[in-house]
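Everything on this sheet refers to the single structure shown next.
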Amino acid sequence: MKFRTVLFAFLFALVISTAHAQSSEPETPAARETPPDAKAYQEASRITNPAEKIAALEKFKKDFPDSPSVTSADMSILSTLASKMPDQTARIQQTAKTILNGAKDKKEKGSLSAQIADSLLTNHVLLNDAEKYARTSVDSMKQAEFIADQKAQFAKRAAARKGNGDSPEPPTDQELIKRFNQSRAARLAILGRIEFELDKTPAAVKVLTEAHAADRNLPGAEGTLGEIAVQKGDYAKGLEYLVSARLAGQAAPSTVAALNTAYSKTHSGTTSGGSTAGLDELLDAEYHKRFPNPLHLDAYRPNDKRSDRVVLAEVFTGGGCPPCVGADLAFDAAMERYARKDLIVVMYHQHVPRPDPMTNSDTQARSKYYDVKGVPTYVIDGATVRFNGAGRDGTKSVWEHIQPPIEKDLDSPAEEKIDINASAAGNSVKVTAAVAAVNNESKDLKIHILLLEKEITYSGENGIRYHPMVVRAMGGTHDDGFALAPGAPMSVEQYWDLDTLSASLKTQLDNYEAKGHRGNAFKFIEKKYQIDRANLAVVVFVQDAKTKHVLQSAFVDLNPPAGHTPGSNSGEPK
């Protein structure tokens with residue numbers, strides 16, 4: 001039986017352009033007001049009922065015919081029809097034609113053809129039509145035209161920067177040829193996947209092999225080549241492809257199933273297959289070898305202005321978010337640079353743009369509190385950093401934006417003293433947090449207590465495998481902290497039963513899966529609801545709920561390395 005792999009549209013977009021991947025979700029909050037057309041498009045896109053969503057998108061197109069989001073609205077209509085109304089083939093075909101008729105030139109027609117083919121493939125409808133669109137997208141790409149267009153775009157950007165002292169070197173022809181081959185490879189991968197679904201396996205192998213040779217970072221191509229190899233009984237070759245695909249983010253059920261088969265067949269010593277025990281260790285080792293953090297930072301050396309503040313960085317991220325990669329890696333590097341008496345990082349996972357099995361109701365509520373418009377978003381001591389995401393190559397750029405506010409706050413005195421006593425015993429965690437009298441007249445202060453897992457292993461669709469400091473629960477009334485009276489010391493207690501918490505996390509994931517992601521059916525590859533009792537930490541901070549300013553933070557490692565004392569932390573430098 002044929003394994004079927006879903007080539008998610010955002011992966012294709014990521015290959016074509018990281019900037020496009022960022023724009024697939026709302027950007028980090030901006031100071032300016034959202035334009036009416038963008039607001040209308042966002043509201044229509046949030047509707048989960050298929051018929052109502054299509055009607056709202058059609059109304060948006062009528063109300064804002066000149067909006068740059070009209071084509072995106074058409075693509076959303078196509079995707080909704082293909083996923084929710086697959087029997088309406090004539091309507092799907094007409095929508096696809098409408099999209100192409102709106103193309104302003106040959107270049108855009110080729111790009112839109114690829115997106116249409118990908119949408120039909122993803123939803124497994126009208127695959128013969130999808131094949132034609134995919135071929136059109138590939139045939140539209142000509143190397144000479146691509147290079148000329150890239151040079152023209154560079155010249156235009158250079159002219160706009162003229163006089164600003166920024167004069168980067170133009171890309172060489174060799175670099176442009178590489179870009180062309182990679183862009184074409186992404187379209188070949190779609191075509192090859194469709195050929196595979198149409199049982200044209202020899203043609204699929206030919207096309208996918210060409211795509212893989214041009215770009216080794218195409219999980220869809222590698223996953224399908226791996227599945228084909230497993231079908232043919234070449235388990236060693238299949239394992240090679242499938243490990244690469246899984247680590248790069250291909251998480252479709254067919255990929256995982258084929259990977260398990262290839263591993264068990266090559267490691268059991270029998271032709272009948274065996275256990276997958278050891279597969280995670282293999283993936284861990286390969287990930288470390290293939291994907292080291294590109295950013296290495298020197299250890300932080302306090303200056304004469306270093307205060308008693310412990311800086312809090314709150315990061316909103318997603319395991320299926322391509323532009324979150326640079327942010328995740330930048331904060332990984334930051335955690336190595338600073339001790340936890342200098343910087344505490346906490347990660348709030350979100351179902352953006354893909355479902356994330358580390359998301360929970362508390363992390364989503366925190367996102368609403370900060371009015372987060374998209375991921376990644378990062379907040380330093382309650383102040384949002386105005387910078388979007390980046391791919392792995394942009395890790396340094398993220399770091400350059402987060403370092404100044406971190407080190408500025410390290411020189412700013414703390415406005416509170418926090419003492420924590422925390423313990424983990426059996427199935428429970430108990431935390432007592434005491435704060436001194438606050439020299440602050442605000443009536444909106446709160447003590448927040450967070451329970452975190454220090455690291456969760458999960459290969460998300462964006463290729464990040466290790467997820468540090470994942471927030472699993474928040475304490476207080478309605479999980480929203482404890483109100484703090486100004487001018488008086490206060491002590492609060494928080495208790496978690498870990499079995500109850502794990503059950504709640506599982507229920508939340510089950511319910512989200514049953515409801516569907518933005519109305520679309522899906523299945524989690526893994527549901528990360530089990531709490532690792534040997535991998536826990538607690539973070540406490542005092543925040544002005546109105547201004548969002550964080551007065552002070554503290555961290556306790558409930559399972560510290562040997563030689564360290566667990567359970568208490570004053571929130572002050574040692």
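Letters A, B, ... mark the chains of the structure tokens in the order given; residue numbers begin at 1 per chain; ligand numbers begin at 1, in order shown.
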inquiry  = List the spatial neighbours of stretch 194-205 of chain A as number ranges by chain - criterion: any atom at most 9 Å away, only C-alpha atoms, same-chain residues fewer than 2 positions off excluded.
reply    = A: 2, 4, 117-118, 121, 124, 127-128, 130-131, 134, 189-192, 207-210, 224-225, 228
query = How would you write, as a count of residues only, the set of residues in stretch 420-522 of chain A that DSSP gives as alpha helix (DSSP H)?
reply = 18
Test item: residues at most 12 Å from stretch 179-183 of chain A, only C-alpha atoms, excluding those fewer than 5 positions along its chain, as a PyMOL selection string = chain A and resi 12-17+110-111+114+137-138+140-150+171-174+188-190+210-218
Those same residues, written as a short mmCIF file (atom, residue, chain, number, x, y, z; two decimals), in the first residue's frame with N, CA, C and O atoms?
```cif
data_model
loop_
_atom_site.label_atom_id
_atom_site.label_comp_id
_atom_site.auth_asym_id
_atom_site.auth_seq_id
_atom_site.Cartn_x
_atom_site.Cartn_y
_atom_site.Cartn_z
N PHE A 12 6.84 24.68 1.26
CA PHE A 12 7.16 25.16 -0.07
C PHE A 12 7.46 26.64 -0.05
O PHE A 12 8.43 27.12 -0.64
N ALA A 13 6.63 27.38 0.70
CA ALA A 13 6.85 28.82 0.78
C ALA A 13 8.19 29.13 1.42
O ALA A 13 8.88 30.07 1.03
N LEU A 14 8.57 28.34 2.42
CA LEU A 14 9.84 28.56 3.09
C LEU A 14 11.01 28.37 2.14
O LEU A 14 11.98 29.13 2.15
N VAL A 15 10.93 27.36 1.27
CA VAL A 15 12.01 27.12 0.32
C VAL A 15 12.13 28.28 -0.66
O VAL A 15 13.22 28.73 -0.99
N ILE A 16 10.97 28.79 -1.12
CA ILE A 16 10.99 29.87 -2.09
C ILE A 16 11.53 31.14 -1.48
O ILE A 16 12.35 31.85 -2.06
N SER A 17 11.06 31.46 -0.25
CA SER A 17 11.47 32.72 0.35
C SER A 17 11.15 32.72 1.83
O SER A 17 10.02 32.53 2.23
N GLY A 110 3.75 31.29 -13.00
CA GLY A 110 4.50 30.09 -12.62
C GLY A 110 4.45 29.85 -11.13
O GLY A 110 4.27 28.71 -10.67
N SER A 111 4.60 30.93 -10.35
CA SER A 111 4.56 30.80 -8.90
C SER A 111 3.18 30.36 -8.42
O SER A 111 3.05 29.47 -7.57
N ALA A 114 2.46 26.69 -9.04
CA ALA A 114 3.07 25.82 -8.03
C ALA A 114 2.21 25.77 -6.77
O ALA A 114 2.02 24.70 -6.17
N SER A 137 4.43 25.17 -13.68
CA SER A 137 5.29 25.92 -12.76
C SER A 137 6.77 25.64 -13.03
O SER A 137 7.61 26.55 -13.00
N VAL A 138 7.10 24.37 -13.31
CA VAL A 138 8.49 24.01 -13.60
C VAL A 138 8.93 24.58 -14.95
O VAL A 138 10.00 25.18 -15.07
N SER A 140 7.90 27.09 -16.51
CA SER A 140 7.95 28.56 -16.56
C SER A 140 9.29 29.12 -16.10
O SER A 140 9.59 30.29 -16.34
N MET A 141 10.09 28.29 -15.45
CA MET A 141 11.36 28.78 -14.91
C MET A 141 12.49 28.62 -15.93
O MET A 141 12.80 27.50 -16.35
N LYS A 142 13.06 29.74 -16.32
CA LYS A 142 14.19 29.77 -17.24
C LYS A 142 15.37 30.45 -16.53
O LYS A 142 15.22 31.54 -15.98
N GLN A 143 16.51 29.79 -16.58
CA GLN A 143 17.66 30.28 -15.81
C GLN A 143 18.05 31.70 -16.20
O GLN A 143 18.26 32.56 -15.32
N ALA A 144 18.14 32.00 -17.48
CA ALA A 144 18.56 33.34 -17.92
C ALA A 144 17.58 34.40 -17.45
O ALA A 144 17.98 35.48 -16.97
N GLU A 145 16.28 34.10 -17.55
CA GLU A 145 15.26 35.06 -17.12
C GLU A 145 15.32 35.26 -15.61
O GLU A 145 15.18 36.39 -15.10
N PHE A 146 15.53 34.18 -14.87
CA PHE A 146 15.61 34.25 -13.41
C PHE A 146 16.78 35.13 -12.98
O PHE A 146 16.64 36.02 -12.13
N ILE A 147 17.94 34.91 -13.58
CA ILE A 147 19.13 35.68 -13.21
C ILE A 147 18.94 37.15 -13.54
O ILE A 147 19.27 38.04 -12.74
N ALA A 148 18.39 37.42 -14.72
CA ALA A 148 18.16 38.82 -15.11
C ALA A 148 17.20 39.50 -14.14
O ALA A 148 17.40 40.66 -13.75
N ASP A 149 16.15 38.79 -13.75
CA ASP A 149 15.17 39.35 -12.82
C ASP A 149 15.80 39.60 -11.45
O ASP A 149 15.56 40.65 -10.82
N GLN A 150 16.62 38.68 -10.97
CA GLN A 150 17.28 38.85 -9.67
C GLN A 150 18.23 40.04 -9.69
O GLN A 150 18.29 40.81 -8.72
N PRO A 171 25.03 39.92 -5.91
CA PRO A 171 25.27 38.47 -5.95
C PRO A 171 25.98 38.09 -7.24
O PRO A 171 25.76 38.69 -8.29
N THR A 172 26.84 37.10 -7.14
CA THR A 172 27.55 36.62 -8.33
C THR A 172 26.63 35.74 -9.16
O THR A 172 25.59 35.27 -8.68
N ASP A 173 27.04 35.51 -10.41
CA ASP A 173 26.25 34.61 -11.26
C ASP A 173 26.17 33.22 -10.66
O ASP A 173 25.14 32.54 -10.77
N GLN A 174 27.26 32.79 -10.02
CA GLN A 174 27.26 31.47 -9.39
C GLN A 174 26.22 31.39 -8.27
O GLN A 174 25.50 30.39 -8.14
N LEU A 188 9.98 21.14 -8.58
CA LEU A 188 10.15 19.74 -8.98
C LEU A 188 9.67 18.78 -7.90
O LEU A 188 9.09 17.73 -8.19
N ALA A 189 9.92 19.16 -6.64
CA ALA A 189 9.50 18.30 -5.53
C ALA A 189 7.99 18.14 -5.51
O ALA A 189 7.47 17.04 -5.25
N ILE A 190 7.26 19.21 -5.79
CA ILE A 190 5.81 19.13 -5.84
C ILE A 190 5.38 18.20 -6.98
O ILE A 190 4.52 17.33 -6.81
N GLU A 210 16.29 14.57 -9.15
CA GLU A 210 16.80 15.84 -9.69
C GLU A 210 16.62 16.97 -8.67
O GLU A 210 17.52 17.78 -8.47
N ALA A 211 15.46 17.01 -8.03
CA ALA A 211 15.20 18.05 -7.03
C ALA A 211 16.16 17.91 -5.85
O ALA A 211 16.73 18.90 -5.37
N HIS A 212 16.35 16.69 -5.39
CA HIS A 212 17.22 16.44 -4.24
C HIS A 212 18.67 16.79 -4.55
O HIS A 212 19.40 17.29 -3.68
N ALA A 213 19.10 16.55 -5.78
CA ALA A 213 20.47 16.88 -6.17
C ALA A 213 20.70 18.39 -6.14
O ALA A 213 21.79 18.87 -5.82
N ALA A 214 19.65 19.15 -6.47
CA ALA A 214 19.77 20.61 -6.52
C ALA A 214 19.65 21.24 -5.14
O ALA A 214 20.22 22.30 -4.89
N ASP A 215 18.88 20.60 -4.25
CA ASP A 215 18.67 21.16 -2.92
C ASP A 215 18.45 20.02 -1.93
O ASP A 215 17.45 19.33 -1.98
N ARG A 216 19.42 19.83 -1.04
CA ARG A 216 19.36 18.73 -0.07
C ARG A 216 18.44 19.06 1.10
O ARG A 216 18.30 18.23 2.01
N ASN A 217 17.85 20.24 1.10
CA ASN A 217 16.99 20.64 2.21
C ASN A 217 15.53 20.69 1.75
O ASN A 217 14.85 21.70 1.91
N LEU A 218 15.07 19.61 1.17
CA LEU A 218 13.68 19.50 0.73
C LEU A 218 13.06 18.28 1.40
O LEU A 218 13.10 17.17 0.86
#
```
request  = Pick out the residues sitting within 9 Å of A:Val125, and hand them over as a list in words; count only C-alpha atoms, and ignore anything fewer than 5 positions along from it in its own chain.
outcome  =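 After dropping sequence-adjacent residues, the list is Ala82, Ser83, Pro86, Asp87, Thr89, Ser119, Leu120 and Ala130 of chain A.
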request  = Write out as a list in words the residues lying within 9 Å of stretch 290-293 of chain A, counting only C-alpha atoms and excluding same-chain residues fewer than 5 positions away.
outcome  =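 So, after excluding close chain neighbours, the residues are Ala285, Leu329, Ala330, Asp332, Ala333, Arg392, Thr395 and Ile464 of chain A.
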inquiry  = What's around stretch 42-46 of chain A at 10 Å? Count only C-alpha atoms, leave out sequence neighbours fewer than 6 positions away in its own chain, and write the answer as number ranges by chain.
reply    = A: 25-26, 36, 52-60, 69, 73, 76-77, 518-519
Would you mind exporting the chosen residues as an mmCIF file, in the first residue's frame, restricted to N, CA, C and O atoms?
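File written: result21.cif
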```
data_model
loop_
_atom_site.group_PDB
_atom_site.id
_atom_site.type_symbol
_atom_site.label_atom_id
_atom_site.label_comp_id
_atom_site.auth_asym_id
_atom_site.auth_seq_id
_atom_site.Cartn_x
_atom_site.Cartn_y
_atom_site.Cartn_z
ATOM 1 N N GLU A 25 1.934 34.580 8.257
ATOM 2 C CA GLU A 25 1.262 34.863 9.514
ATOM 3 C C GLU A 25 1.372 36.356 9.802
ATOM 4 O O GLU A 25 2.286 37.025 9.323
ATOM 5 N N PRO A 26 0.449 36.919 10.595
ATOM 6 C CA PRO A 26 0.571 38.323 10.957
ATOM 7 C C PRO A 26 1.905 38.591 11.604
ATOM 8 O O PRO A 26 2.417 37.774 12.354
ATOM 9 N N PRO A 36 -7.464 48.875 6.814
ATOM 10 C CA PRO A 36 -8.797 48.240 6.775
ATOM 11 C C PRO A 36 -8.823 46.943 5.976
ATOM 12 O O PRO A 36 -9.481 45.980 6.374
ATOM 13 N N GLU A 52 -19.023 29.942 5.484
ATOM 14 C CA GLU A 52 -18.964 31.319 5.973
ATOM 15 C C GLU A 52 -17.606 31.953 5.656
ATOM 16 O O GLU A 52 -17.527 33.143 5.334
ATOM 17 N N LYS A 53 -16.552 31.152 5.764
ATOM 18 C CA LYS A 53 -15.215 31.667 5.471
ATOM 19 C C LYS A 53 -15.099 32.064 4.005
ATOM 20 O O LYS A 53 -14.587 33.152 3.680
ATOM 21 N N ILE A 54 -15.573 31.212 3.106
ATOM 22 C CA ILE A 54 -15.511 31.522 1.673
ATOM 23 C C ILE A 54 -16.332 32.765 1.363
ATOM 24 O O ILE A 54 -15.896 33.653 0.611
ATOM 25 N N ALA A 55 -17.518 32.857 1.962
ATOM 26 C CA ALA A 55 -18.369 34.031 1.735
ATOM 27 C C ALA A 55 -17.673 35.307 2.207
ATOM 28 O O ALA A 55 -17.724 36.343 1.535
ATOM 29 N N ALA A 56 -17.016 35.236 3.363
ATOM 30 C CA ALA A 56 -16.320 36.409 3.904
ATOM 31 C C ALA A 56 -15.138 36.800 3.021
ATOM 32 O O ALA A 56 -14.861 37.986 2.809
ATOM 33 N N LEU A 57 -14.433 35.804 2.490
ATOM 34 C CA LEU A 57 -13.298 36.096 1.613
ATOM 35 C C LEU A 57 -13.773 36.686 0.286
ATOM 36 O O LEU A 57 -13.128 37.596 -0.270
ATOM 37 N N GLU A 58 -14.875 36.193 -0.224
ATOM 38 C CA GLU A 58 -15.432 36.761 -1.454
ATOM 39 C C GLU A 58 -15.868 38.206 -1.219
ATOM 40 O O GLU A 58 -15.668 39.076 -2.088
ATOM 41 N N LYS A 59 -16.454 38.464 -0.074
ATOM 42 C CA LYS A 59 -16.858 39.836 0.255
ATOM 43 C C LYS A 59 -15.633 40.741 0.392
ATOM 44 O O LYS A 59 -15.637 41.898 -0.066
ATOM 45 N N PHE A 60 -14.582 40.209 1.001
ATOM 46 C CA PHE A 60 -13.333 40.971 1.118
ATOM 47 C C PHE A 60 -12.813 41.368 -0.263
ATOM 48 O O PHE A 60 -12.412 42.511 -0.496
ATOM 49 N N SER A 69 -3.779 41.544 -0.826
ATOM 50 C CA SER A 69 -4.144 40.240 -0.262
ATOM 51 C C SER A 69 -5.202 39.514 -1.076
ATOM 52 O O SER A 69 -5.655 38.432 -0.670
ATOM 53 N N ALA A 73 -6.376 35.674 -0.717
ATOM 54 C CA ALA A 73 -7.768 35.304 -0.443
ATOM 55 C C ALA A 73 -8.225 34.206 -1.402
ATOM 56 O O ALA A 73 -8.889 33.250 -1.004
ATOM 57 N N SER A 76 -6.755 30.992 -0.344
ATOM 58 C CA SER A 76 -7.437 30.494 0.847
ATOM 59 C C SER A 76 -8.775 29.858 0.483
ATOM 60 O O SER A 76 -9.162 28.829 1.047
ATOM 61 N N ILE A 77 -9.471 30.465 -0.478
ATOM 62 C CA ILE A 77 -10.729 29.890 -0.954
ATOM 63 C C ILE A 77 -10.472 28.522 -1.586
ATOM 64 O O ILE A 77 -11.190 27.554 -1.333
ATOM 65 N N ARG A 518 -7.812 25.592 12.691
ATOM 66 C CA ARG A 518 -8.472 26.609 11.866
ATOM 67 C C ARG A 518 -9.547 25.979 10.975
ATOM 68 O O ARG A 518 -9.733 26.357 9.817
ATOM 69 N N GLY A 519 -10.198 24.971 11.542
ATOM 70 C CA GLY A 519 -11.266 24.312 10.827
ATOM 71 C C GLY A 519 -10.821 23.169 9.938
ATOM 72 O O GLY A 519 -11.657 22.457 9.363
#
```
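For the pair atom CA of A:Lys289 and atom CA of A:Glu526, the interatomic distance is 23.7 Å.
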ask   = What is the atom CA of A:Lys527-atom CA of A:Pro561 distance in Å, reported with one decimal?
value =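 Separating atom CA of A:Lys527 from atom CA of A:Pro561 is a distance of 27.8 Å.
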query = Taking only C-alpha atoms into account, which of A:Asp557, A:Glu169, A:Glu513, A:Asp139 comes nearest A:His351?
reply =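 Among A:Asp557, A:Glu169, A:Glu513, A:Asp139, it is A:Glu513 that comes nearest to A:His351.
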Sort by chain and increasing residue number a table of all residues of stretch 421-487 of chain A within 12 Å of stretch 309-314 of chain A, each with its closest pair of atoms and their distance in Å to one decimal, counting only C-alpha atoms, and write it as JSON lines.
```
{"residue": "A:Leu450", "atom": "CA", "partner": "A:Glu314", "partner_atom": "CA", "distance": 11.6}
{"residue": "A:Met469", "atom": "CA", "partner": "A:Glu314", "partner_atom": "CA", "distance": 10.1}
{"residue": "A:Val470", "atom": "CA", "partner": "A:Glu314", "partner_atom": "CA", "distance": 10.5}
{"residue": "A:Val471", "atom": "CA", "partner": "A:Glu314", "partner_atom": "CA", "distance": 10.0}
```
May I have the selected residues written with N, CA and C atoms, as an mmCIF file, in the first residue's frame?
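And here's again.cif as it stands now:
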```
data_model
loop_
_atom_site.group_PDB
_atom_site.id
_atom_site.type_symbol
_atom_site.label_atom_id
_atom_site.label_comp_id
_atom_site.auth_asym_id
_atom_site.auth_seq_id
_atom_site.Cartn_x
_atom_site.Cartn_y
_atom_site.Cartn_z
ATOM 1 N N LEU A 450 5.346 30.051 37.226
ATOM 2 C CA LEU A 450 5.323 29.210 36.029
ATOM 3 C C LEU A 450 6.003 27.879 36.315
ATOM 4 N N MET A 469 12.968 25.230 28.091
ATOM 5 C CA MET A 469 12.195 26.110 28.978
ATOM 6 C C MET A 469 10.744 26.265 28.511
ATOM 7 N N VAL A 470 10.090 25.133 28.272
ATOM 8 C CA VAL A 470 8.721 25.116 27.758
ATOM 9 C C VAL A 470 7.735 25.293 28.920
ATOM 10 N N VAL A 471 6.899 26.316 28.833
ATOM 11 C CA VAL A 471 5.917 26.582 29.886
ATOM 12 C C VAL A 471 4.810 25.541 29.801
#
```
query = Which is closest to A:Val315 among A:Ala424, A:Ala434, A:Val379, A:Val539, if we use only C-alpha atoms?
reply =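 Looking at the shortest contact to A:Val315, the residue is A:Val379.
Those residues that approach A:Tyr241 to within 8 Å, counting only C-alpha atoms, are Glu222, Gly223, Leu225, Gly226, Lys237, Gly238, Leu239, Val243, Ser244 and Ala245 of chain A; same-chain residues fewer than 2 positions away are not listed.
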Would you export the selected residues with N, CA, C and O atoms as a PDB file, in the first residue's frame, please?
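Now in selection_5.pdb:
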```pdb
ATOM      1  N   GLU A 222      12.811  14.276   0.069  1.00  0.00           N
ATOM      2  CA  GLU A 222      13.525  13.216   0.777  1.00  0.00           C
ATOM      3  C   GLU A 222      12.551  12.203   1.380  1.00  0.00           C
ATOM      4  O   GLU A 222      12.784  10.991   1.342  1.00  0.00           O
ATOM      5  N   GLY A 223      11.461  12.721   1.941  1.00  0.00           N
ATOM      6  CA  GLY A 223      10.485  11.816   2.539  1.00  0.00           C
ATOM      7  C   GLY A 223       9.889  10.870   1.520  1.00  0.00           C
ATOM      8  O   GLY A 223       9.752   9.668   1.769  1.00  0.00           O
ATOM      9  N   LEU A 225      11.188  10.010  -1.491  1.00  0.00           N
ATOM     10  CA  LEU A 225      12.221   9.088  -1.954  1.00  0.00           C
ATOM     11  C   LEU A 225      12.447   7.986  -0.928  1.00  0.00           C
ATOM     12  O   LEU A 225      12.669   6.817  -1.281  1.00  0.00           O
ATOM     13  N   GLY A 226      12.383   8.346   0.344  1.00  0.00           N
ATOM     14  CA  GLY A 226      12.531   7.344   1.397  1.00  0.00           C
ATOM     15  C   GLY A 226      11.390   6.352   1.402  1.00  0.00           C
ATOM     16  O   GLY A 226      11.598   5.138   1.565  1.00  0.00           O
ATOM     17  N   LYS A 237      18.770   2.556   2.265  1.00  0.00           N
ATOM     18  CA  LYS A 237      18.644   3.811   1.527  1.00  0.00           C
ATOM     19  C   LYS A 237      17.437   4.602   2.028  1.00  0.00           C
ATOM     20  O   LYS A 237      17.492   5.827   2.164  1.00  0.00           O
ATOM     21  N   GLY A 238      16.358   3.892   2.311  1.00  0.00           N
ATOM     22  CA  GLY A 238      15.168   4.554   2.828  1.00  0.00           C
ATOM     23  C   GLY A 238      15.446   5.250   4.141  1.00  0.00           C
ATOM     24  O   GLY A 238      15.003   6.381   4.366  1.00  0.00           O
ATOM     25  N   LEU A 239      16.189   4.587   5.032  1.00  0.00           N
ATOM     26  CA  LEU A 239      16.514   5.187   6.326  1.00  0.00           C
ATOM     27  C   LEU A 239      17.332   6.456   6.143  1.00  0.00           C
ATOM     28  O   LEU A 239      17.105   7.467   6.834  1.00  0.00           O
ATOM     29  N   VAL A 243      15.579   9.787   7.671  1.00  0.00           N
ATOM     30  CA  VAL A 243      16.170  10.495   8.808  1.00  0.00           C
ATOM     31  C   VAL A 243      16.359  11.968   8.456  1.00  0.00           C
ATOM     32  O   VAL A 243      16.029  12.865   9.248  1.00  0.00           O
ATOM     33  N   SER A 244      16.851  12.235   7.262  1.00  0.00           N
ATOM     34  CA  SER A 244      17.022  13.626   6.820  1.00  0.00           C
ATOM     35  C   SER A 244      15.687  14.345   6.767  1.00  0.00           C
ATOM     36  O   SER A 244      15.554  15.492   7.217  1.00  0.00           O
ATOM     37  N   ALA A 245      14.682  13.681   6.214  1.00  0.00           N
ATOM     38  CA  ALA A 245      13.364  14.302   6.095  1.00  0.00           C
ATOM     39  C   ALA A 245      12.766  14.595   7.465  1.00  0.00           C
ATOM     40  O   ALA A 245      12.212  15.675   7.693  1.00  0.00           O
TER      41      ALA A 245
END
```
